[in-house]
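What follows is a set of notes on a single structure, which appears directly below.
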Number of protein chains: 2
Amino acid sequence: MRWIGDQIVSRNVVERRFEAIVSSRQIPGILWTPSEVQPETPLVLLGHGAWNHKRGDYVLSMARRLVRHHGFAAVSIDGPIHGDRRDEPAENETALFKEFNQSWKRVELVEEMIEDWGAALRAAGTLAEVGHGPLAYWGLSMGTIYGLPLVAAERRIQTAVLGLMGTFGPTGERLGKDAAAIECPVLFLMQWDDELIPRNRCLDLFDQIGSRKKELHARPGRHAEISPEEFLYSERFLAKNLLP
Amino acid sequence: MRWIGDQIVSRNVVERRFEAIVSSRQIPGILWTPSEVQPETPLVLLGHGAWNHKRGDYVLSMARRLVRHHGFAAVSIDGPIHGDRRDEPAENETALFKEFNQSWKRVELVEEMIEDWGAALRAAGTLAEVGHGPLAYWGLSMGTIYGLPLVAAERRIQTAVLGLMGTFGPTGERLGKDAAAIECPVLFLMQWDDELIPRNRCLDLFDQIGSRKKELHARPGRHAEISPEEFLYSERFLAKNLLP
């Protein structure tokens with residue numbers, strides 16, 4: 001892996017770009033840490049949604065909150081065909097939508113993203129204080145498509161926020177199976193009027209999560225209209241379950 | 001109405017018992033206020049569940065929190081065939097269950113409880129500072145059977161916590177219709193493994209609530225196993241929506 005460019009420091013938050021390599025894939029990522037990092041600092045993995053990227057508004061906002069309010073570290077990587085993993089932007093939203101639906105069908109990307117997150121963890125772990133303490137995952141929509149299987153596979157992840165997804169689409173069946181293997185506390189967010197993911201498929205995915213410590217939060221609104229209050233609640237949920 | 005016995009004062013919470021009269025029914029109630037009541041104090045109506053009463057553990061606990069943490073007032077009354085509205089305790093749980101299911105069929109009790117709450121409000125309102133400010137309702141299970149129609153009918157109620165109930169049972173259809181008329185912010189709690197109320201009927205009742213500001217919270221567990229964290233969240237939810 002290599003660090004890219006200079007650190008950016010914004011009110012106590014140090015931001016470092018990196019590129020990790022795994023199976024000859026280049027994984028562009030960002031690590032956020034407090035200016036003064038404690039040993040064994042909890043690390044939150046932030047998975048962005050489709051048509052977004054590793055430094056999208058809500059990703060950056062969540063990362064900064066986790067660092068500033070709780071002293072945690074956060075790491076984010078671009079998902080397949082997103083952010084710096086593509087050479088040029090899509091022509092328009094329709095093209096992007098089509099492209100995403102194509103890539104969703106490449107179910108092998110699920111395994112690749114588990115590898116990619118592993119590479120991101122090793123990159124973060126090159127700092128002595130980061131990546132060796134407790135881990136958490138936060139990711140909705142595409143962030144759940146590629147994050148829920150990671151939560152099931154990576155037993156060091158001790159809590160997660162998931163949602164805006166169901167047992168639906170090309171990876172729906174696998175999501176349900178992986179959900180059953182999850183044992184850590186999970187907050188699951190859904191939008192009651194989601195126009196992309198059928199309501200009963202979202203409820204079914206929540207149902208299949210194996211953990212006894214799971215919570216479902218639903219509010220009216222379309223797929224992308226998650227309430228800011230649920231971001232706040234996410235932050236508290238992760239903090240509560242990451243602290244000893 | 002008349003006040004009964006002496007006030008009880010416990011760490012800044014004044015508790016007064018009363019009996020209100022409406023349509024020749026005697027309504028036993030309790031009013032909780034801060035030791036020093038501000039004018040236009042918000043008042044929260046607390047509706048207990050079946051096999052409980054106006055001073056059940058969680059009712060008392062919620063009342064004291066609302067008073068101590070927020071300076072609100074709270075009022076609670078016994079529901080039909082509960083608490084001091086009955087001459088003697090039921091013989092056993094089975095008898096009580098049977099008795100409750102019988103009384104649930106008396107759909108006219110819904111209207112009567114709306115009247116009873118009106119009488120409780122007038123009783124509370126005999127104190128100059130109470131019952132003339134904003135109102136809220138909190139009640140689960142039987143507290144929703146008899147409380148949701150009140151929230152729909154009493155437009156002074158500006159927020160509510162409801163749940164553990166569905167479009168189910170003798171009053172299910174009416175609940176759905178009343179839910180559609182509710183326009184204030186509602187937190188709806190359900191238990192994912194509720195053994196009394198079918199899951200899809202609970203989801204349907206949430207669905208029918210007319211308000212755009214509604215939230216569904218669900219966790220694993222049986223009917224009576226609501227998490228203490230949801231009581232805490234309830235408290236914050238009411239406070240947020242009662243304050244100007």
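Letters A, B, ... go to the chains of the structure tokens in the order shown; residues in each chain start at 1; ligands are counted from 1 in the same order.
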* To do: Just the helix (DSSP H, G or I) stuff from region 12-233 of chain B, please, per backbone DSSP, written as a VMD selection string.
  => chain B and resid 57 to 70 83 to 85 93 to 105 108 to 124 142 to 145 148 to 153 172 to 180 199 to 208 228 to 233
Identify, with DSSP run on backbone atoms, the residues in region 49-201 of chain A assigned to strand (DSSP E), and express the list as a short mmCIF file (atom, residue, chain, number, x, y, z; two decimals) with all heavy atoms, in the first residue's frame.
```
data_model
loop_
_atom_site.label_atom_id
_atom_site.label_comp_id
_atom_site.auth_asym_id
_atom_site.auth_seq_id
_atom_site.Cartn_x
_atom_site.Cartn_y
_atom_site.Cartn_z
N ALA A 73 -11.29 6.03 14.86
CA ALA A 73 -10.78 6.20 13.50
C ALA A 73 -11.85 5.69 12.54
O ALA A 73 -12.74 4.94 12.94
CB ALA A 73 -9.49 5.43 13.32
N ALA A 74 -11.78 6.14 11.29
CA ALA A 74 -12.74 5.67 10.28
C ALA A 74 -11.99 5.46 8.97
O ALA A 74 -10.99 6.14 8.70
CB ALA A 74 -13.87 6.68 10.10
N VAL A 75 -12.46 4.50 8.20
CA VAL A 75 -11.82 4.24 6.91
C VAL A 75 -12.91 3.98 5.87
O VAL A 75 -13.96 3.42 6.17
CB VAL A 75 -10.84 3.03 7.01
CG1 VAL A 75 -11.56 1.74 7.38
CG2 VAL A 75 -10.04 2.86 5.73
N SER A 76 -12.65 4.46 4.67
CA SER A 76 -13.62 4.30 3.59
C SER A 76 -12.87 3.94 2.31
O SER A 76 -11.74 4.39 2.10
CB SER A 76 -14.37 5.63 3.43
OG SER A 76 -15.12 5.64 2.24
N ILE A 77 -13.48 3.08 1.48
CA ILE A 77 -12.87 2.78 0.18
C ILE A 77 -13.93 2.95 -0.91
O ILE A 77 -15.13 2.86 -0.64
CB ILE A 77 -12.28 1.35 0.10
CG1 ILE A 77 -13.35 0.28 0.39
CG2 ILE A 77 -11.10 1.19 1.06
CD1 ILE A 77 -12.85 -1.15 0.20
N VAL A 130 -3.95 2.10 14.96
CA VAL A 130 -5.23 1.95 14.27
C VAL A 130 -5.40 0.53 13.71
O VAL A 130 -4.43 -0.08 13.25
CB VAL A 130 -5.35 2.98 13.12
CG1 VAL A 130 -6.65 2.80 12.35
CG2 VAL A 130 -5.24 4.39 13.67
N GLY A 131 -6.62 0.04 13.75
CA GLY A 131 -6.92 -1.22 13.08
C GLY A 131 -6.60 -2.45 13.91
O GLY A 131 -6.78 -3.57 13.45
N HIS A 132 -6.10 -2.24 15.11
CA HIS A 132 -5.80 -3.39 15.97
C HIS A 132 -6.77 -3.47 17.14
O HIS A 132 -6.74 -4.40 17.92
CB HIS A 132 -4.36 -3.28 16.47
CG HIS A 132 -3.38 -2.98 15.37
ND1 HIS A 132 -3.04 -3.91 14.41
CD2 HIS A 132 -2.74 -1.83 15.03
CE1 HIS A 132 -2.20 -3.36 13.55
NE2 HIS A 132 -2.01 -2.09 13.89
N GLY A 133 -7.66 -2.48 17.23
CA GLY A 133 -8.70 -2.49 18.26
C GLY A 133 -10.01 -3.01 17.68
O GLY A 133 -10.02 -3.64 16.62
N PRO A 134 -11.11 -2.73 18.35
CA PRO A 134 -12.42 -3.19 17.86
C PRO A 134 -12.81 -2.52 16.54
O PRO A 134 -12.47 -1.37 16.28
CB PRO A 134 -13.38 -2.78 18.98
CG PRO A 134 -12.65 -1.82 19.85
CD PRO A 134 -11.19 -2.01 19.63
N LEU A 135 -13.56 -3.26 15.72
CA LEU A 135 -14.01 -2.77 14.41
C LEU A 135 -15.54 -2.66 14.39
O LEU A 135 -16.24 -3.43 15.05
CB LEU A 135 -13.59 -3.73 13.31
CG LEU A 135 -12.11 -4.05 13.15
CD1 LEU A 135 -11.92 -5.05 12.00
CD2 LEU A 135 -11.31 -2.77 12.87
N ALA A 136 -16.02 -1.71 13.58
CA ALA A 136 -17.46 -1.61 13.31
C ALA A 136 -17.65 -1.35 11.83
O ALA A 136 -16.72 -0.90 11.14
CB ALA A 136 -18.08 -0.48 14.12
N TYR A 137 -18.84 -1.63 11.33
CA TYR A 137 -19.14 -1.35 9.93
C TYR A 137 -20.40 -0.52 9.83
O TYR A 137 -21.37 -0.76 10.53
CB TYR A 137 -19.33 -2.64 9.13
CG TYR A 137 -19.57 -2.36 7.67
CD1 TYR A 137 -18.51 -2.15 6.80
CD2 TYR A 137 -20.87 -2.25 7.17
CE1 TYR A 137 -18.74 -1.83 5.46
CE2 TYR A 137 -21.10 -1.94 5.83
CZ TYR A 137 -20.02 -1.73 4.98
OH TYR A 137 -20.24 -1.41 3.67
N TRP A 138 -20.39 0.47 8.96
CA TRP A 138 -21.57 1.28 8.65
C TRP A 138 -21.71 1.35 7.14
O TRP A 138 -20.77 1.76 6.45
CB TRP A 138 -21.43 2.70 9.23
CG TRP A 138 -22.64 3.56 9.07
CD1 TRP A 138 -23.60 3.78 10.02
CD2 TRP A 138 -23.04 4.32 7.92
NE1 TRP A 138 -24.57 4.62 9.53
CE2 TRP A 138 -24.27 4.95 8.24
CE3 TRP A 138 -22.52 4.50 6.64
CZ2 TRP A 138 -24.95 5.78 7.34
CZ3 TRP A 138 -23.20 5.31 5.73
CH2 TRP A 138 -24.40 5.94 6.10
N GLY A 139 -22.86 0.93 6.59
CA GLY A 139 -23.06 1.05 5.15
C GLY A 139 -24.47 0.70 4.75
O GLY A 139 -25.00 -0.34 5.14
N ILE A 157 -15.39 -7.55 13.49
CA ILE A 157 -16.42 -6.49 13.47
C ILE A 157 -17.43 -6.79 14.56
O ILE A 157 -18.10 -7.82 14.54
CB ILE A 157 -17.09 -6.42 12.09
CG1 ILE A 157 -16.07 -5.99 11.03
CG2 ILE A 157 -18.27 -5.45 12.12
CD1 ILE A 157 -16.61 -5.93 9.62
N GLN A 158 -17.53 -5.88 15.53
CA GLN A 158 -18.36 -6.21 16.68
C GLN A 158 -19.67 -5.45 16.73
O GLN A 158 -20.47 -5.63 17.65
CB GLN A 158 -17.56 -6.06 17.98
CG GLN A 158 -17.06 -4.67 18.28
CD GLN A 158 -16.23 -4.66 19.57
OE1 GLN A 158 -15.31 -5.49 19.73
NE2 GLN A 158 -16.53 -3.76 20.49
N THR A 159 -19.94 -4.64 15.71
CA THR A 159 -21.26 -4.00 15.58
C THR A 159 -21.39 -3.40 14.18
O THR A 159 -20.37 -3.09 13.55
CB THR A 159 -21.48 -2.93 16.67
OG1 THR A 159 -22.81 -2.42 16.57
CG2 THR A 159 -20.50 -1.77 16.52
N ALA A 160 -22.64 -3.23 13.71
CA ALA A 160 -22.82 -2.74 12.35
C ALA A 160 -24.13 -1.98 12.19
O ALA A 160 -25.11 -2.26 12.88
CB ALA A 160 -22.80 -3.91 11.36
N VAL A 161 -24.10 -0.99 11.29
CA VAL A 161 -25.33 -0.34 10.84
C VAL A 161 -25.51 -0.70 9.37
O VAL A 161 -24.62 -0.46 8.55
CB VAL A 161 -25.26 1.19 11.01
CG1 VAL A 161 -26.54 1.84 10.49
CG2 VAL A 161 -25.03 1.56 12.47
N LEU A 162 -26.65 -1.30 9.06
CA LEU A 162 -26.94 -1.77 7.71
C LEU A 162 -28.33 -1.30 7.31
O LEU A 162 -29.07 -0.76 8.13
CB LEU A 162 -26.88 -3.31 7.67
CG LEU A 162 -25.55 -3.94 8.08
CD1 LEU A 162 -25.71 -5.43 8.34
CD2 LEU A 162 -24.47 -3.69 7.01
N GLY A 163 -28.69 -1.51 6.05
CA GLY A 163 -30.07 -1.20 5.66
C GLY A 163 -30.23 -0.71 4.24
O GLY A 163 -29.31 -0.81 3.42
N VAL A 186 -26.76 -5.15 15.55
CA VAL A 186 -26.99 -4.52 14.25
C VAL A 186 -28.15 -3.53 14.34
O VAL A 186 -29.22 -3.85 14.85
CB VAL A 186 -27.34 -5.57 13.17
CG1 VAL A 186 -27.75 -4.90 11.86
CG2 VAL A 186 -26.17 -6.52 12.93
N LEU A 187 -27.92 -2.34 13.84
CA LEU A 187 -29.02 -1.39 13.60
C LEU A 187 -29.35 -1.47 12.11
O LEU A 187 -28.46 -1.33 11.27
CB LEU A 187 -28.59 0.03 13.97
CG LEU A 187 -29.55 1.15 13.52
CD1 LEU A 187 -30.90 1.05 14.22
CD2 LEU A 187 -28.90 2.52 13.79
N PHE A 188 -30.62 -1.71 11.80
CA PHE A 188 -31.03 -1.87 10.40
C PHE A 188 -32.00 -0.74 10.06
O PHE A 188 -33.06 -0.60 10.67
CB PHE A 188 -31.70 -3.24 10.22
CG PHE A 188 -31.94 -3.60 8.78
CD1 PHE A 188 -30.98 -4.31 8.06
CD2 PHE A 188 -33.11 -3.24 8.13
CE1 PHE A 188 -31.20 -4.65 6.72
CE2 PHE A 188 -33.34 -3.58 6.80
CZ PHE A 188 -32.37 -4.28 6.10
N LEU A 189 -31.62 0.07 9.08
CA LEU A 189 -32.44 1.22 8.69
C LEU A 189 -33.19 0.91 7.41
O LEU A 189 -32.62 0.36 6.47
CB LEU A 189 -31.56 2.45 8.47
CG LEU A 189 -30.67 2.87 9.64
CD1 LEU A 189 -29.82 4.08 9.26
CD2 LEU A 189 -31.51 3.19 10.87
N MET A 190 -34.47 1.28 7.37
CA MET A 190 -35.18 1.17 6.09
C MET A 190 -36.08 2.38 5.89
O MET A 190 -36.43 3.08 6.83
CB MET A 190 -35.99 -0.12 6.00
CG MET A 190 -37.16 -0.22 6.94
SD MET A 190 -38.12 -1.77 6.71
CE MET A 190 -39.14 -1.36 5.27
N GLN A 191 -36.40 2.63 4.63
CA GLN A 191 -37.31 3.70 4.28
C GLN A 191 -38.64 3.09 3.90
O GLN A 191 -38.69 2.22 3.02
CB GLN A 191 -36.73 4.53 3.13
CG GLN A 191 -35.52 5.36 3.51
CD GLN A 191 -35.92 6.54 4.39
OE1 GLN A 191 -35.99 6.43 5.62
NE2 GLN A 191 -36.20 7.68 3.78
#
```
* Counting only C-alpha atoms, collect the residues of chain B whose closest atom lies at most 9 Å from chain A, and write them out as an MDAnalysis selection string. => chainID B and resid 192 207 212:221
* To do: Figure out the distance between CA of Asp78 (chain A) and CA of His53 (chain A), please, to one decimal in Å.
  => 5.4 Å
Might you pull out every residue within 12 Å of Trp104 (chain A), with only C-alpha atoms counted and same-chain residues fewer than 3 positions away left off, and present them as a compact mmCIF listing (two decimals) with N, CA, C and O atoms, in the first residue's frame?
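Produced file part16.txt, reproduced below:
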```
# COMPACT_ATOMS: atom_id res chain seq x y z
N ALA A 50 -24.49 3.33 -3.83
CA ALA A 50 -24.29 3.48 -5.26
C ALA A 50 -24.37 4.96 -5.66
O ALA A 50 -25.08 5.73 -5.03
N GLY A 79 -16.19 1.73 -3.82
CA GLY A 79 -16.73 0.44 -4.27
C GLY A 79 -16.45 0.24 -5.75
O GLY A 79 -16.01 1.17 -6.45
N PRO A 80 -16.70 -0.97 -6.24
CA PRO A 80 -16.48 -1.27 -7.66
C PRO A 80 -17.21 -0.27 -8.56
O PRO A 80 -18.35 0.08 -8.24
N ILE A 81 -16.60 0.12 -9.62
CA ILE A 81 -17.09 1.10 -10.62
C ILE A 81 -17.46 2.45 -10.00
O ILE A 81 -18.19 3.23 -10.59
N PHE A 97 -27.01 4.10 -13.66
CA PHE A 97 -27.98 3.16 -13.12
C PHE A 97 -27.83 1.80 -13.81
O PHE A 97 -27.78 0.75 -13.16
N LYS A 98 -27.73 1.86 -15.14
CA LYS A 98 -27.57 0.66 -15.95
C LYS A 98 -26.27 -0.06 -15.58
O LYS A 98 -26.24 -1.27 -15.39
N GLU A 99 -25.24 0.74 -15.45
CA GLU A 99 -23.91 0.21 -15.14
C GLU A 99 -23.91 -0.46 -13.77
O GLU A 99 -23.34 -1.55 -13.60
N PHE A 100 -24.56 0.18 -12.80
CA PHE A 100 -24.61 -0.41 -11.47
C PHE A 100 -25.37 -1.73 -11.49
O PHE A 100 -24.93 -2.72 -10.91
N ASN A 101 -26.50 -1.75 -12.18
CA ASN A 101 -27.29 -2.98 -12.23
C ASN A 101 -26.52 -4.12 -12.91
O ASN A 101 -26.65 -5.28 -12.54
N VAL A 107 -21.72 -11.36 -9.17
CA VAL A 107 -21.79 -11.70 -7.75
C VAL A 107 -20.40 -11.95 -7.15
O VAL A 107 -20.22 -11.87 -5.93
N GLU A 108 -19.40 -12.20 -8.02
CA GLU A 108 -18.04 -12.41 -7.50
C GLU A 108 -17.49 -11.12 -6.87
O GLU A 108 -16.54 -11.16 -6.09
N LEU A 109 -18.12 -9.98 -7.19
CA LEU A 109 -17.67 -8.72 -6.59
C LEU A 109 -17.85 -8.71 -5.07
O LEU A 109 -17.15 -8.00 -4.36
N VAL A 110 -18.83 -9.50 -4.59
CA VAL A 110 -19.04 -9.59 -3.14
C VAL A 110 -17.77 -10.10 -2.46
O VAL A 110 -17.28 -9.51 -1.49
N SER A 141 -27.61 0.46 1.60
CA SER A 141 -27.85 0.26 0.18
C SER A 141 -26.68 -0.53 -0.43
O SER A 141 -26.40 -1.63 0.04
N MET A 142 -25.93 0.01 -1.39
CA MET A 142 -24.78 -0.72 -1.90
C MET A 142 -23.78 -1.00 -0.78
O MET A 142 -23.06 -2.01 -0.79
N ILE A 145 -25.04 -4.20 0.42
CA ILE A 145 -24.79 -5.29 -0.54
C ILE A 145 -23.38 -5.83 -0.36
O ILE A 145 -23.17 -7.04 -0.31
N TYR A 146 -22.40 -4.90 -0.25
CA TYR A 146 -21.00 -5.34 -0.14
C TYR A 146 -20.49 -5.35 1.29
O TYR A 146 -19.37 -5.79 1.55
N PHE A 168 -33.10 -9.25 -2.09
CA PHE A 168 -33.61 -8.71 -3.35
C PHE A 168 -32.44 -8.51 -4.30
O PHE A 168 -31.32 -8.23 -3.87
N GLY A 169 -32.71 -8.68 -5.58
CA GLY A 169 -31.66 -8.44 -6.59
C GLY A 169 -30.74 -9.64 -6.70
O GLY A 169 -30.92 -10.66 -6.03
N PRO A 170 -29.72 -9.51 -7.57
CA PRO A 170 -28.83 -10.64 -7.88
C PRO A 170 -28.15 -11.26 -6.65
O PRO A 170 -27.85 -12.44 -6.66
N THR A 171 -27.92 -10.45 -5.61
CA THR A 171 -27.22 -10.99 -4.44
C THR A 171 -28.17 -11.20 -3.26
O THR A 171 -27.72 -11.42 -2.13
N GLY A 172 -29.48 -11.10 -3.52
CA GLY A 172 -30.46 -11.15 -2.44
C GLY A 172 -30.42 -12.43 -1.61
O GLY A 172 -30.47 -12.39 -0.38
```
* Asked: What lies within 7 Å of region 19-24 of chain B using only C-alpha atoms, ignoring chain neighbours under 4 positions off, as a ChimeraX atom specification?
  -> /B:1-3,28-29,116,119-120,123
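Comparing A:Pro228, A:Gly147, A:Gly166, A:Gly71 by their smallest distance to Leu45 (chain A), the closest is A:Gly147 (using only C-alpha atoms).
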Considering only C-alpha atoms, return as a short mmCIF file (atom, residue, chain, number, x, y, z; two decimals) with N, CA, C and O atoms, in the first residue's frame whatever protein or nucleic-acid residues lie within 10 Å of Arg155 (chain A), sequence-local ones (same chain, fewer than 5 positions apart) excluded.
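So the final result, stored in part38.cif, reads:
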```cif
data_model
loop_
_atom_site.label_atom_id
_atom_site.label_comp_id
_atom_site.auth_asym_id
_atom_site.auth_seq_id
_atom_site.Cartn_x
_atom_site.Cartn_y
_atom_site.Cartn_z
N LEU A 135 -13.56 -3.26 15.72
CA LEU A 135 -14.01 -2.77 14.41
C LEU A 135 -15.54 -2.66 14.39
O LEU A 135 -16.24 -3.43 15.05
N LEU A 150 -19.34 -8.85 4.52
CA LEU A 150 -18.11 -8.59 5.27
C LEU A 150 -18.35 -8.73 6.77
O LEU A 150 -17.54 -9.33 7.49
N ILE A 182 -24.75 -13.45 11.11
CA ILE A 182 -24.30 -12.28 11.88
C ILE A 182 -24.75 -12.41 13.34
O ILE A 182 -25.91 -12.68 13.61
N GLU A 183 -23.82 -12.21 14.24
CA GLU A 183 -24.13 -12.36 15.65
C GLU A 183 -23.93 -11.09 16.46
O GLU A 183 -24.25 -11.05 17.64
N CYS A 184 -23.38 -10.05 15.84
CA CYS A 184 -23.10 -8.83 16.60
C CYS A 184 -24.31 -7.90 16.57
O CYS A 184 -25.23 -8.07 15.77
#
```
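The shortest atom-to-atom distance to Asn52 (chain B), with only C-alpha atoms taken into account, belongs to B:Gly143 out of B:Arg25, B:Gly143, B:His69, B:Arg17.
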